[in-house]
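*Asks:* Sending over input35.pdb (PDB, C-alpha atoms).
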ATOM      1  CA  MET A   1       8.277  15.783  28.941  1.00  0.00           C
ATOM      2  CA  GLU A   2      11.604  16.336  30.610  1.00  0.00           C
ATOM      3  CA  LEU A   3      14.445  13.927  29.843  1.00  0.00           C
ATOM      4  CA  HIS A   4      14.762  12.658  33.413  1.00  0.00           C
ATOM      5  CA  ALA A   5      11.009  11.968  33.551  1.00  0.00           C
ATOM      6  CA  ALA A   6      11.200  10.023  30.280  1.00  0.00           C
ATOM      7  CA  ILE A   7      14.145   7.944  31.507  1.00  0.00           C
ATOM      8  CA  ARG A   8      12.690   7.234  34.933  1.00  0.00           C
ATOM      9  CA  GLY A   9       9.230   6.571  33.519  1.00  0.00           C
ATOM     10  CA  ARG A  10      10.421   4.008  31.008  1.00  0.00           C
ATOM     11  CA  ARG A  11       9.272   0.457  31.561  1.00  0.00           C
ATOM     12  CA  SER A  12       9.265  -2.852  29.729  1.00  0.00           C
ATOM     13  CA  ILE A  13       5.950  -4.686  29.683  1.00  0.00           C
ATOM     14  CA  ARG A  14       6.377  -8.450  29.735  1.00  0.00           C
ATOM     15  CA  LYS A  15       2.924  -9.567  30.791  1.00  0.00           C
ATOM     16  CA  PHE A  16      -0.192  -8.777  28.775  1.00  0.00           C
ATOM     17  CA  LEU A  17      -3.900  -9.353  29.239  1.00  0.00           C
ATOM     18  CA  GLY A  18      -5.440 -11.963  26.967  1.00  0.00           C
ATOM     19  CA  ARG A  19      -7.969  -9.585  25.419  1.00  0.00           C
ATOM     20  CA  MET A  20      -7.963  -7.185  22.505  1.00  0.00           C
ATOM     21  CA  PRO A  21      -8.226  -3.447  23.146  1.00  0.00           C
ATOM     22  CA  SER A  22     -11.258  -1.631  21.750  1.00  0.00           C
ATOM     23  CA  GLN A  23     -11.095  -0.442  18.155  1.00  0.00           C
ATOM     24  CA  GLU A  24     -10.851   3.171  19.380  1.00  0.00           C
ATOM     25  CA  VAL A  25      -7.847   2.379  21.590  1.00  0.00           C
ATOM     26  CA  LEU A  26      -6.180   0.384  18.823  1.00  0.00           C
ATOM     27  CA  ASP A  27      -6.712   3.228  16.337  1.00  0.00           C
ATOM     28  CA  GLU A  28      -5.127   5.712  18.765  1.00  0.00           C
ATOM     29  CA  ILE A  29      -2.128   3.435  19.398  1.00  0.00           C
ATOM     30  CA  LEU A  30      -1.526   3.021  15.665  1.00  0.00           C
ATOM     31  CA  LYS A  31      -1.929   6.748  15.042  1.00  0.00           C
ATOM     32  CA  GLN A  32       0.718   7.467  17.695  1.00  0.00           C
ATOM     33  CA  ALA A  33       3.004   4.708  16.372  1.00  0.00           C
ATOM     34  CA  LEU A  34       3.257   6.534  13.049  1.00  0.00           C
ATOM     35  CA  TRP A  35       5.178   9.281  14.863  1.00  0.00           C
ATOM     36  CA  ALA A  36       7.858   6.879  16.164  1.00  0.00           C
ATOM     37  CA  PRO A  37      11.324   7.648  14.789  1.00  0.00           C
ATOM     38  CA  SER A  38      13.193   5.388  12.401  1.00  0.00           C
ATOM     39  CA  ASN A  39      16.880   5.277  11.562  1.00  0.00           C
ATOM     40  CA  MET A  40      17.580   8.794  10.284  1.00  0.00           C
ATOM     41  CA  ASN A  41      13.851   8.955   9.354  1.00  0.00           C
ATOM     42  CA  TRP A  42      14.591   7.141   6.104  1.00  0.00           C
ATOM     43  CA  GLN A  43      12.080   4.356   6.495  1.00  0.00           C
ATOM     44  CA  SER A  44       8.386   4.920   6.012  1.00  0.00           C
ATOM     45  CA  TRP A  45       6.113   2.992   8.334  1.00  0.00           C
ATOM     46  CA  SER A  46       3.806   0.162   7.316  1.00  0.00           C
ATOM     47  CA  LEU A  47       1.520  -1.215   9.991  1.00  0.00           C
ATOM     48  CA  VAL A  48      -0.531  -4.391   9.767  1.00  0.00           C
ATOM     49  CA  VAL A  49      -3.068  -5.493  12.377  1.00  0.00           C
ATOM     50  CA  VAL A  50      -4.099  -9.139  12.310  1.00  0.00           C
ATOM     51  CA  ALA A  51      -6.767 -10.646  14.571  1.00  0.00           C
ATOM     52  CA  GLY A  52      -8.777 -13.836  14.874  1.00  0.00           C
ATOM     53  CA  GLU A  53      -7.869 -17.021  13.043  1.00  0.00           C
ATOM     54  CA  LYS A  54      -5.461 -15.228  10.701  1.00  0.00           C
ATOM     55  CA  LYS A  55      -3.466 -14.040  13.733  1.00  0.00           C
ATOM     56  CA  ASP A  56      -2.629 -17.644  14.627  1.00  0.00           C
ATOM     57  CA  GLU A  57      -1.513 -18.332  11.050  1.00  0.00           C
ATOM     58  CA  VAL A  58       0.735 -15.252  11.080  1.00  0.00           C
ATOM     59  CA  ILE A  59       2.273 -16.243  14.439  1.00  0.00           C
ATOM     60  CA  GLN A  60       3.031 -19.740  13.131  1.00  0.00           C
ATOM     61  CA  ALA A  61       4.615 -18.321   9.958  1.00  0.00           C
ATOM     62  CA  ILE A  62       6.804 -15.972  12.000  1.00  0.00           C
ATOM     63  CA  GLN A  63       7.892 -18.799  14.280  1.00  0.00           C
ATOM     64  CA  ARG A  64       8.919 -20.904  11.269  1.00  0.00           C
ATOM     65  CA  ALA A  65      11.001 -18.093   9.778  1.00  0.00           C
TER      66      ALA A  65
END
Would you mind writing the structure in this file as structure tokens?

*Replies:*
Amino acid sequence: MELHAAIRGRRSIRKFLGRMPSQEVLDEILKQALWAPSNMNWQSWSLVVVAGEKKDEVIQAIQRA
């Protein structure tokens, strides 16, 4: 991808659908996320996916923090 295409194609999503993606889509998103850069590539990635009732508990805990 050319730089100008990456800059012009960038967008910020602020509105989401209220449904979960399929497991296949979620797996692909997480696989691609592992390639995202970190500060000087020093930090290893840890990803956690939470759904269902536990998701609400996690959201509440984050909001309290």

*Asks:* Show which residues sit within 10 Å of segment 16-32 of chain A, as a list in words. Count only C-alpha atoms, and ignore same-chain residues fewer than 2 positions away.

*Replies:* Ile13, Arg14, Leu34, Trp35, Ala36, Leu47, Val48, Val49 and Ala51 of chain A

*Asks:* Under the rule that all atoms listed in the file are counted, which of A:Ala6, A:Ala33, A:Val58, A:Ala65 is the nearest residue to Ser46 of chain A?

*Replies:* A:Ala33

*Asks:* What does the structure give for the distance between atom CA of Trp42 of chain A and atom CA of Leu3 of chain A, in Å to one decimal?

*Replies:* 24.7 Å

*Asks:* For atom CA of Val50 of chain A and atom CA of Gln63 of chain A, quote the distance in Å rounded to one decimal.

*Replies:*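 So the two atoms, atom CA of Val50 of chain A and atom CA of Gln63 of chain A, lie 15.5 Å apart.
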
*Asks:* Enter the distance from atom CA of Ser38 of chain A to atom CA of Ala5 of chain A, in Å, rounded to one decimal.

*Replies:*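 The value is 22.3 Å.
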
*Asks:* Please return the centre and edge lengths, in Å to one decimal, of a box with edges along x, y and z that contains all listed atoms of segment 24-39 of chain A, widened by 3 Å on every side, as lines of an AutoDock Vina configuration file.

*Replies:*
center_x = 3.0
center_y = 4.8
center_z = 16.6
size_x = 33.7
size_y = 14.9
size_z = 16.0

*Asks:* Could you write segment 19-46 of chain A as a compact mmCIF listing (two decimals), in the coordinates of the input, with N, CA and C atoms rebuilt where they are missing?

*Replies:*
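Output contents, as saved in result.txt:
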# COMPACT_ATOMS: atom_id res chain seq x y z
N ARG A 19 -6.82 -10.13 26.15
CA ARG A 19 -7.97 -9.59 25.42
C ARG A 19 -7.51 -8.44 24.51
N MET A 20 -8.26 -8.25 23.46
CA MET A 20 -7.96 -7.18 22.50
C MET A 20 -8.45 -5.85 23.05
N PRO A 21 -7.72 -4.78 22.79
CA PRO A 21 -8.23 -3.45 23.15
C PRO A 21 -9.38 -3.08 22.22
N SER A 22 -10.16 -2.09 22.60
CA SER A 22 -11.26 -1.63 21.75
C SER A 22 -10.69 -1.07 20.45
N GLN A 23 -11.53 -0.98 19.45
CA GLN A 23 -11.10 -0.44 18.16
C GLN A 23 -10.61 1.00 18.30
N GLU A 24 -11.26 1.78 19.17
CA GLU A 24 -10.85 3.17 19.38
C GLU A 24 -9.45 3.25 19.98
N VAL A 25 -9.17 2.40 20.96
CA VAL A 25 -7.85 2.38 21.59
C VAL A 25 -6.80 1.92 20.58
N LEU A 26 -7.11 0.90 19.83
CA LEU A 26 -6.18 0.38 18.82
C LEU A 26 -5.89 1.45 17.77
N ASP A 27 -6.92 2.15 17.32
CA ASP A 27 -6.71 3.23 16.34
C ASP A 27 -5.79 4.30 16.89
N GLU A 28 -5.96 4.68 18.15
CA GLU A 28 -5.13 5.71 18.76
C GLU A 28 -3.68 5.24 18.90
N ILE A 29 -3.48 3.99 19.28
CA ILE A 29 -2.13 3.44 19.40
C ILE A 29 -1.43 3.46 18.04
N LEU A 30 -2.12 3.05 17.00
CA LEU A 30 -1.53 3.02 15.66
C LEU A 30 -1.25 4.43 15.16
N LYS A 31 -2.15 5.36 15.45
CA LYS A 31 -1.93 6.75 15.04
C LYS A 31 -0.67 7.30 15.71
N GLN A 32 -0.47 7.00 16.98
CA GLN A 32 0.72 7.47 17.70
C GLN A 32 1.98 6.75 17.21
N ALA A 33 1.85 5.48 16.84
CA ALA A 33 3.00 4.71 16.37
C ALA A 33 3.59 5.30 15.09
N LEU A 34 2.77 5.93 14.28
CA LEU A 34 3.26 6.53 13.05
C LEU A 34 4.24 7.67 13.31
N TRP A 35 4.26 8.20 14.51
CA TRP A 35 5.18 9.28 14.86
C TRP A 35 6.49 8.76 15.43
N ALA A 36 6.63 7.45 15.62
CA ALA A 36 7.86 6.88 16.16
C ALA A 36 9.00 7.09 15.18
N PRO A 37 10.19 7.41 15.69
CA PRO A 37 11.32 7.65 14.79
C PRO A 37 11.86 6.36 14.17
N SER A 38 12.47 6.50 13.02
CA SER A 38 13.19 5.39 12.40
C SER A 38 14.64 5.85 12.21
N ASN A 39 15.47 4.96 11.76
CA ASN A 39 16.88 5.28 11.56
C ASN A 39 17.01 6.44 10.58
N MET A 40 17.39 7.59 11.08
CA MET A 40 17.58 8.79 10.28
C MET A 40 16.31 9.17 9.51
N ASN A 41 15.16 8.68 9.98
CA ASN A 41 13.85 8.96 9.35
C ASN A 41 13.81 8.59 7.88
N TRP A 42 14.55 7.58 7.49
CA TRP A 42 14.59 7.14 6.10
C TRP A 42 13.48 6.16 5.77
N GLN A 43 13.02 5.44 6.76
CA GLN A 43 12.08 4.36 6.50
C GLN A 43 10.65 4.83 6.75
N SER A 44 9.79 4.62 5.78
CA SER A 44 8.39 4.92 6.01
C SER A 44 7.78 3.73 6.75
N TRP A 45 6.74 4.02 7.51
CA TRP A 45 6.11 2.99 8.33
C TRP A 45 5.02 2.27 7.57
N SER A 46 4.92 0.98 7.78
CA SER A 46 3.81 0.16 7.32
C SER A 46 3.34 -0.63 8.52
